[in-house]
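Only one structure is covered here, and it is reproduced in the block below.
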Amino acid sequence: MQHQFKGHDGLIEVLLEKQGDHWLFNGHTARVKDSRTLSLDLSDGTTGQATVVKVKDAWWVHFQGHTFCLERIEPGTSDGGDEGGLTAPMPGKVLEVLVQTGDVVVAGQALMILEAMKMEHRIVAATDGTISAVHFAAGDQVQQGSALLELVE
Amino acid sequence: MQHQFKGHDGLIEVLLEKQGDHWLFNGHTARVKDSRTLSLDLSDGTTGQATVVKVKDAWWVHFQGHTFCLERIEPGTSDGGDEGGLTAPMPGKVLEVLVQTGDVVVAGQALMILEAMKMEHRIVAATDGTISAVHFAAGDQVQQGSALLELVE
Amino acid sequence: MVSKVLVANRGEIACRILRACSEAGLESVAIYASNDADSMFVELATEAIMLEGDSISETYLNQQQILEIASSSGCDAIHPGFGFLSERADFARAVGDSGIQWVGPSPEAIEKMGDKMTARITMRHAGVPVIPGEEIEQEDEGEALRAIEQASSRVGYPLLLKASSGGGGKGMRAVQRPDELLDAAKSARREAVAAFGDGRVYLERLLTGSKHVEIQILADRTGRTIHLGERECSVQRRHQKVFEEAPCATMTEEIRSAMGQAAVAAAQAVNYEGAGTVEFLLAPSGEFFFLEMNTRIQVEHPVTELVTGVDIVREQLRIAAGQPMSCGELHLRGHAIEVRLYAEDASNNFLPAIGPLAVFRPPEGPGIRLDTGVRQGDEVTPNYDPMLAKLIVWAPSREEALQRMRRSLDDFVVLGTTTNLRFLRELCDVPDVITGDTDTTMIDRLWPNGWSPAVPPNFTDGALLVAAAAESAGLNMSLSVSNQMVGDSGPVSPFLTLNRRYP
Amino acid sequence: MVSKVLVANRGEIACRILRACSEAGLESVAIYASNDADSMFVELATEAIMLEGDSISETYLNQQQILEIASSSGCDAIHPGFGFLSERADFARAVGDSGIQWVGPSPEAIEKMGDKMTARITMRHAGVPVIPGEEIEQEDEGEALRAIEQASSRVGYPLLLKASSGGGGKGMRAVQRPDELLDAAKSARREAVAAFGDGRVYLERLLTGSKHVEIQILADRTGRTIHLGERECSVQRRHQKVFEEAPCATMTEEIRSAMGQAAVAAAQAVNYEGAGTVEFLLAPSGEFFFLEMNTRIQVEHPVTELVTGVDIVREQLRIAAGQPMSCGELHLRGHAIEVRLYAEDASNNFLPAIGPLAVFRPPEGPGIRLDTGVRQGDEVTPNYDPMLAKLIVWAPSREEALQRMRRSLDDFVVLGTTTNLRFLRELCDVPDVITGDTDTTMIDRLWPNGWSPAVPPNFTDGALLVAAAAESAGLNMSLSVSNQMVGDSGPVSPFLTLNRRYP
């Protein structure tokens, strides 16, 4: 997976790998402990807990006395394999539901189309799996962060 | 509205009145400040903040150094005007969905039927209104507390 | 030299020690059972290593495993905290034999003080007053019972039978009259054999109306042994302290000095090193008697820290590293009170309780210290001791300390698990507590038929209103969450419910 | 008699005072502007009454409205805290005229110390050393400028021009050379007229490399006036203190005694009552000079409380009630350091920041005190001062206090709003701070081109990984919540999002 953040001197690209429940980047490893905490294991042997929270578009991270505010650049379209895609990226309206409960889908398949901020957004499957629930129908208003569908790998 | 709690010597009935954003009982007044805090104004002039949280069937309340654990008796059926009824009362399976998005319903109307703990539970509308979303379909598994439907008054 | 400390404990005392290591610039290793993986103390160490096994004996009491972890992780010291292995001479010896520094006294000192009969004899030889009584050396049941009968007439009634290896009230019997003696002796021996594999008992005169007063000791390798004044811990329920203070409200300068000298003599008699506590019974007459010595840091050490300004855990680490203790001449200042917050039902014979800490919001403000190993969102399980936290207040005077404790207890919100908060709060209004006339039987005397809270009727009404209004207003959305978050670490994370929708 | 206290303030100092009232058994009234309705201090009072109006001058500075509330709610005392109306002699007089006790000194004492030129003259008469310089009495611009020119040659260069009604650096100019004098004098007068409606200035010799050292004073109506030792507050950014400690690291017993006597003399010269602070410049030579007297409780009072064991706010309440202060002979013990946590961007000229306190998790452990008026979930707005909290540590020695401060700052997590936490943490590693050789120009000297954090490159990588992993793992479910909870009171209540689904 790839994420972009705003740096002092332009964009920073983070190419993220996943192994089991570990996330890897540049030789460093992270593991989610709960919705606010990740265990971090740096390549130089430094380990510890990082605290994290997202406010608007920015991820705030605290690790061993250092605080970071990393503004994330949303990809132009949402088919970048973003697993957060099953939640509404912003408040909007459901334009179309392309699947129903029980459907078998493949990674990258479009599941739902949202309209928000005058733009259309495709919600795509991050992995292969089965749709276990669809929470909204065409015409429904959704809030930012609302769970839209459920996908079981 | 009427609620029942388990007391030391049997059931305690609380007949609740609502005036604007104030809740009244026995000459005492309460007002919701946030999801964990209510302002309490007792008939003897005592005022202060109460902290509240529900764990399983019991409401835990803290007020000025006193802690209460009040086990609530769920009405036999759920058509007692229980506004919490649009969430799953326990983990279970959706047996039947009786409405769809856009339906106009009246207070007390059954909206969904759940099976849980070997029993059927009717989810009923607490007020008149319009169904703005249906989050699960027949056959879906739901977790305790999951939002099942959305009803706009 | 001490550079990396393994903390062989869990919960609040592990947090206390790990933070002290961090401030001292020492590396630290936490060890934890799998059911403690999300506990706070695990996050405070430089390294955290999981113990294999399920039961306590396979984990926190597993000497072999802990020693192997200490070696393989490069630790040069082990701090045992209290409880668990802290008073196991064999473990202290094994640690020393592995070339690792034990943060505590020698195995010999632990042994001499661990066996209560030996401790009584050692203290008598050192000139420390012990409770009038007699040791029963006979091992054979018949001979022992005969010896007990003969000794009883010399000790006098009422008397106390105590197991030599006893603790926590096990193997202990109060005997009021001669005709109760034989049955009591047999059952005390049976209980002691079952609990400790050692049926030896001794007799003591039963001193009623006494205070439990203890002296904190520090001794370093330069030969300096000092006392840090007394703590009073008379307020006990089921032989366990719940309300501790420093100084003792009724202490005089003369008794403090004499008791302090006796405690120093007790420590020197066993070549003591590190921090320890000598417990005494203080009779209304002003006479005091050696009870036992705890050869480790004590739960209630914070009250002494607050009135003396000594950081006892830092001094333990210094002493273990072979350095002289850093504290100079001591002056007691002000008054400190500690209460132990237990997950227990004080209105039902103090039965332990379990449940989620759905809300855990400690009081704030100057003069308040909270030593805890839990935070909101944690689950109280039956696996370990039900002590959730120690709430300690300091103020310039005892009256102000009590005022501060009352406010702190009123402001302390714990929901989701039954605690003794209200019991502790009512203790602060007991006339004997206000005057300082507490003794070890106070709780039984005050509430012979058990305690139940005094609740203003309006408050019950108010609570019902709050619960009903919260239900009607739909605040029970938190319901599913309180269940889901159980066992989870970190600040309350109610989003788990949502996150878990995506397997 | 004082039985019910109106606290004419907000934020952390209102919390501090309201808790002291509660512990003293006094009723209390909080007053709050509508944008403070959900602030913590509102919950700590016996009663809370909303102020009408929007701007500060309509609310917290509205003397008439506050007096009416005090009367109608039956208050017999008003505690002004610091800032706002605390040094307004006219308000203190109006309070007294209403028959309500002012918790502070007389209006006359406030007036004499509030006008800096008058204060200099009063102090000189009382034998308190003032910075060599001259007052300029002339009001007419032309005459004043001529007098300034004449005085400048007597005072010598470099010199400091200061507005008599000044404060916070306004109306103050450092003048290095004679040819800069006239322009500087004109602009200082202009600024002083604009800010205070009073163009009077005076000249002082500019003492470089000096320490800002202040003495805490207590005086009661029995005629007892004592000092509680010194605080050093040299570490300042933009003329505002950020790092304060007691005692001063380089203080000698002789200077403390002389400075303490001078401070007591200063207080007695204006018949002072209550708590106050006499500020001095301490030159490297050991000479010290009166700067000004703050006739109120000070932000940094906790460091003095921790080393003396005196509860200064409780003593204020006692003194206001006509009682003698309760503290006896004082002994300084250990070392205390306070840092001020600001919502500001230290790497961008300390510009104030706003935002939600999405995570606000203070450090825990012994020897740590946090004075704050905010909690997780609160919003930092541009309406008030950006100080979020004061983090204060105590330890037996200065070295241990710095160790504890480092750990505390490392453990303090604030997310959602930019703060100076890292700046404070780096201060603890500055060699001049470690040795105690701080002076008022240290920050400008260390970071002439502004401060920016030293971040290990691996940490930046790690933070990027954490952010990316959190995004991929869907932890941004909290996103909508962080927005929703803003402005909400109580512990974080992420359920609002869910609740709001049901209109």
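Chain labels run A, B, ... following the order of the structure tokens; each chain numbers its residues from 1, and ligands are numbered from 1 in the order shown.
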Residues of chain D within 8 Å of chain A, counting only C-alpha atoms, as a PyMOL selection string
chain D and resi 358-359+409-416+422+425+455+458-480+482-483
Once chain B is fitted to chain A on all Cα atoms paired one-to-one in order, how large is the remaining RMSD?
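That comparison of chain A with chain B gives 0.8 Å.
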Taking a cut-off of 6 Å and counting only C-alpha atoms, can you build a table that, for each residue of chain C near chain D, reports the nearest atom pair and how far apart they are in Å (one decimal), sorted by chain then residue number, as a tab-separated table?
```
residue	atom	partner	partner_atom	distance
C:Glu23	CA	D:Gln403	CA	5.3
C:Gln403	CA	D:Glu23	CA	5.3
C:Arg404	CA	D:Glu23	CA	5.6
```
Store the residues picked out above in a file with all heavy atoms, as a compact mmCIF listing (two decimals), in the first residue's frame.
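The file below, result.txt, is the result:
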```
# COMPACT_ATOMS: atom_id res chain seq x y z
N GLU C 23 13.75 7.06 35.48
CA GLU C 23 14.28 8.34 35.96
C GLU C 23 15.74 8.22 36.36
O GLU C 23 16.50 9.18 36.25
CB GLU C 23 13.42 8.84 37.13
CG GLU C 23 12.03 9.27 36.66
CD GLU C 23 11.08 9.66 37.76
OE1 GLU C 23 11.50 9.65 38.95
OE2 GLU C 23 9.94 9.98 37.46
N GLN C 403 -9.22 16.35 55.09
CA GLN C 403 -10.10 17.14 54.21
C GLN C 403 -9.81 16.83 52.75
O GLN C 403 -10.70 16.65 51.92
CB GLN C 403 -9.89 18.64 54.46
CG GLN C 403 -10.41 19.13 55.81
CD GLN C 403 -9.95 20.54 56.13
OE1 GLN C 403 -8.99 21.04 55.56
NE2 GLN C 403 -10.63 21.18 57.07
N ARG C 404 -8.51 16.77 52.44
CA ARG C 404 -8.11 16.51 51.05
C ARG C 404 -8.51 15.10 50.63
O ARG C 404 -8.93 14.85 49.50
CB ARG C 404 -6.60 16.73 50.94
CG ARG C 404 -6.05 16.55 49.57
CD ARG C 404 -4.70 17.25 49.43
NE ARG C 404 -4.84 18.68 49.30
CZ ARG C 404 -3.84 19.56 49.35
NH1 ARG C 404 -2.60 19.12 49.58
NH2 ARG C 404 -4.05 20.85 49.19
```
I need the contact residues of chain B against chain A, so if you could list those with any atom within 6 Å, counting only C-alpha atoms, and return them as an MDAnalysis selection string, that would help.
chainID B and resid 133 135:136
Would you mind writing down, as a count of residues only, each residue of range 2-142 of chain A that DSSP on the backbone assigns to strand (DSSP E)?
83
Test item: residues at most 12 Å from Ser257 in chain D, only C-alpha atoms, excluding those fewer than 3 positions along its chain, as a ChimeraX atom specification:
/D:215,226-230,251-254,260-264
So that I have them on file, write out the residues from the current selection with all heavy atoms, as a compact mmCIF listing (two decimals), in the first residue's frame.
```txt
# COMPACT_ATOMS: atom_id res chain seq x y z
N ILE D 215 10.81 36.40 45.31
CA ILE D 215 10.57 35.89 46.66
C ILE D 215 9.07 35.87 46.93
O ILE D 215 8.37 36.86 46.71
CB ILE D 215 11.25 36.82 47.71
CG1 ILE D 215 12.78 36.86 47.48
CG2 ILE D 215 10.90 36.38 49.13
CD1 ILE D 215 13.56 35.73 48.07
N ILE D 226 6.14 36.96 56.37
CA ILE D 226 7.26 36.03 56.18
C ILE D 226 7.53 35.85 54.69
O ILE D 226 6.69 36.16 53.85
CB ILE D 226 6.97 34.63 56.80
CG1 ILE D 226 5.76 33.98 56.10
CG2 ILE D 226 6.73 34.74 58.29
CD1 ILE D 226 5.62 32.49 56.40
N HIS D 227 8.74 35.35 54.41
CA HIS D 227 9.02 34.98 53.03
C HIS D 227 9.18 33.47 52.96
O HIS D 227 9.54 32.82 53.94
CB HIS D 227 10.24 35.71 52.48
CG HIS D 227 11.55 35.17 52.96
ND1 HIS D 227 12.22 34.15 52.32
CD2 HIS D 227 12.31 35.51 54.03
CE1 HIS D 227 13.34 33.88 52.97
NE2 HIS D 227 13.41 34.69 54.01
N LEU D 228 8.85 32.88 51.80
CA LEU D 228 8.89 31.43 51.61
C LEU D 228 10.00 31.03 50.66
O LEU D 228 9.89 30.07 49.90
CB LEU D 228 7.54 30.93 51.07
CG LEU D 228 6.38 30.83 52.08
CD1 LEU D 228 5.87 32.22 52.44
CD2 LEU D 228 5.25 29.98 51.57
N GLY D 229 11.09 31.78 50.70
CA GLY D 229 12.22 31.45 49.83
C GLY D 229 11.98 31.94 48.42
O GLY D 229 10.96 32.57 48.13
N GLU D 230 12.92 31.58 47.55
CA GLU D 230 12.91 32.17 46.22
C GLU D 230 12.46 31.17 45.16
O GLU D 230 12.45 29.97 45.36
CB GLU D 230 14.31 32.68 45.85
CG GLU D 230 15.29 31.61 45.35
CD GLU D 230 15.84 30.75 46.47
OE1 GLU D 230 15.49 30.94 47.65
OE2 GLU D 230 16.66 29.84 46.15
N MET D 251 21.83 29.85 44.33
CA MET D 251 21.55 30.69 45.50
C MET D 251 22.47 30.31 46.66
O MET D 251 22.78 29.15 46.86
CB MET D 251 20.08 30.48 45.90
CG MET D 251 19.58 31.34 47.05
SD MET D 251 19.80 33.11 46.79
CE MET D 251 18.50 33.46 45.61
N THR D 252 22.90 31.33 47.43
CA THR D 252 23.61 31.07 48.68
C THR D 252 22.69 31.44 49.84
O THR D 252 21.73 32.21 49.68
CB THR D 252 24.89 31.91 48.79
OG1 THR D 252 24.51 33.30 48.87
CG2 THR D 252 25.80 31.71 47.58
N GLU D 253 23.00 30.90 51.00
CA GLU D 253 22.19 31.17 52.19
C GLU D 253 22.20 32.69 52.48
O GLU D 253 21.19 33.25 52.89
CB GLU D 253 22.77 30.38 53.37
CG GLU D 253 21.79 29.72 54.31
CD GLU D 253 20.36 29.54 53.81
OE1 GLU D 253 19.55 30.47 54.02
OE2 GLU D 253 20.01 28.50 53.23
N GLU D 254 23.35 33.35 52.23
CA GLU D 254 23.47 34.78 52.54
C GLU D 254 22.55 35.60 51.62
O GLU D 254 21.84 36.49 52.07
CB GLU D 254 24.92 35.27 52.34
CG GLU D 254 25.92 34.69 53.33
CD GLU D 254 26.17 33.20 53.12
OE1 GLU D 254 26.29 32.77 51.94
OE2 GLU D 254 26.21 32.46 54.12
N GLY D 260 15.35 37.81 51.03
CA GLY D 260 14.12 37.56 51.76
C GLY D 260 13.78 38.74 52.66
O GLY D 260 12.63 39.19 52.73
N GLN D 261 14.79 39.29 53.33
CA GLN D 261 14.56 40.45 54.20
C GLN D 261 14.11 41.65 53.39
O GLN D 261 13.23 42.41 53.80
CB GLN D 261 15.83 40.80 54.98
CG GLN D 261 16.06 39.88 56.17
CD GLN D 261 17.40 40.15 56.85
OE1 GLN D 261 17.91 41.26 56.80
NE2 GLN D 261 17.98 39.11 57.44
N ALA D 262 14.74 41.84 52.21
CA ALA D 262 14.35 42.96 51.35
C ALA D 262 12.90 42.79 50.91
O ALA D 262 12.13 43.76 50.86
CB ALA D 262 15.27 43.03 50.14
N ALA D 263 12.51 41.56 50.59
CA ALA D 263 11.14 41.31 50.14
C ALA D 263 10.14 41.57 51.27
O ALA D 263 9.07 42.16 51.05
CB ALA D 263 11.01 39.87 49.63
N VAL D 264 10.49 41.15 52.47
CA VAL D 264 9.61 41.40 53.62
C VAL D 264 9.50 42.91 53.85
O VAL D 264 8.40 43.44 54.10
CB VAL D 264 10.15 40.66 54.86
CG1 VAL D 264 9.45 41.16 56.12
CG2 VAL D 264 9.96 39.15 54.72
```
Exercise: range 351-356 of chain C partners within 10 Å, only C-alpha atoms, chain neighbours under 4 positions left out, as a CSV table (one decimal) with C-alpha atoms, in the first residue's frame:
```
chain,number,residue,atom,x,y,z
B,55,VAL,CA,-22.4,-2.1,31.4
C,342,TYR,CA,-10.0,-2.5,46.2
C,343,ALA,CA,-12.3,-4.1,43.7
C,344,GLU,CA,-14.5,-5.5,46.4
C,345,ASP,CA,-18.0,-5.3,47.9
C,346,ALA,CA,-17.5,-3.7,51.2
C,347,SER,CA,-21.2,-4.2,52.0
C,360,PHE,CA,-11.8,5.2,35.9
C,376,GLN,CA,-9.9,3.2,32.1
C,377,GLY,CA,-10.8,0.4,29.8
C,378,ASP,CA,-9.0,-2.3,31.7
C,379,GLU,CA,-10.7,-5.4,33.0
C,380,VAL,CA,-10.6,-6.5,36.7
C,381,THR,CA,-10.2,-10.2,36.5
C,382,PRO,CA,-10.1,-12.9,39.3
C,383,ASN,CA,-6.5,-13.7,38.3
C,385,ASP,CA,-5.0,-9.3,43.8
C,386,PRO,CA,-8.1,-7.0,43.7
C,387,MET,CA,-6.1,-3.8,44.7
C,414,VAL,CA,-15.0,4.2,39.1
C,415,LEU,CA,-17.9,2.6,37.2
C,416,GLY,CA,-18.3,-0.9,35.9
C,417,THR,CA,-16.7,-2.7,38.9
C,418,THR,CA,-17.7,-2.5,42.5
C,419,THR,CA,-15.1,-0.9,44.7
C,420,ASN,CA,-14.6,0.1,48.4
C,482,SER,CA,-18.0,-1.4,27.5
C,483,ASN,CA,-18.1,-5.0,26.8
C,484,GLN,CA,-15.9,-4.9,23.8
C,485,MET,CA,-13.2,-2.8,25.2
C,486,VAL,CA,-12.7,-5.2,28.1
C,487,GLY,CA,-9.2,-6.5,28.2
```
Suppose you want the space between CA of Leu291 in chain D and CA of Val128 in chain D; what is it in Å?
10.4 Å
Would you mind writing down, as a ChimeraX atom specification, each residue of chain B that DSSP on the backbone assigns to helix (DSSP H, G or I)?
/B:83-86
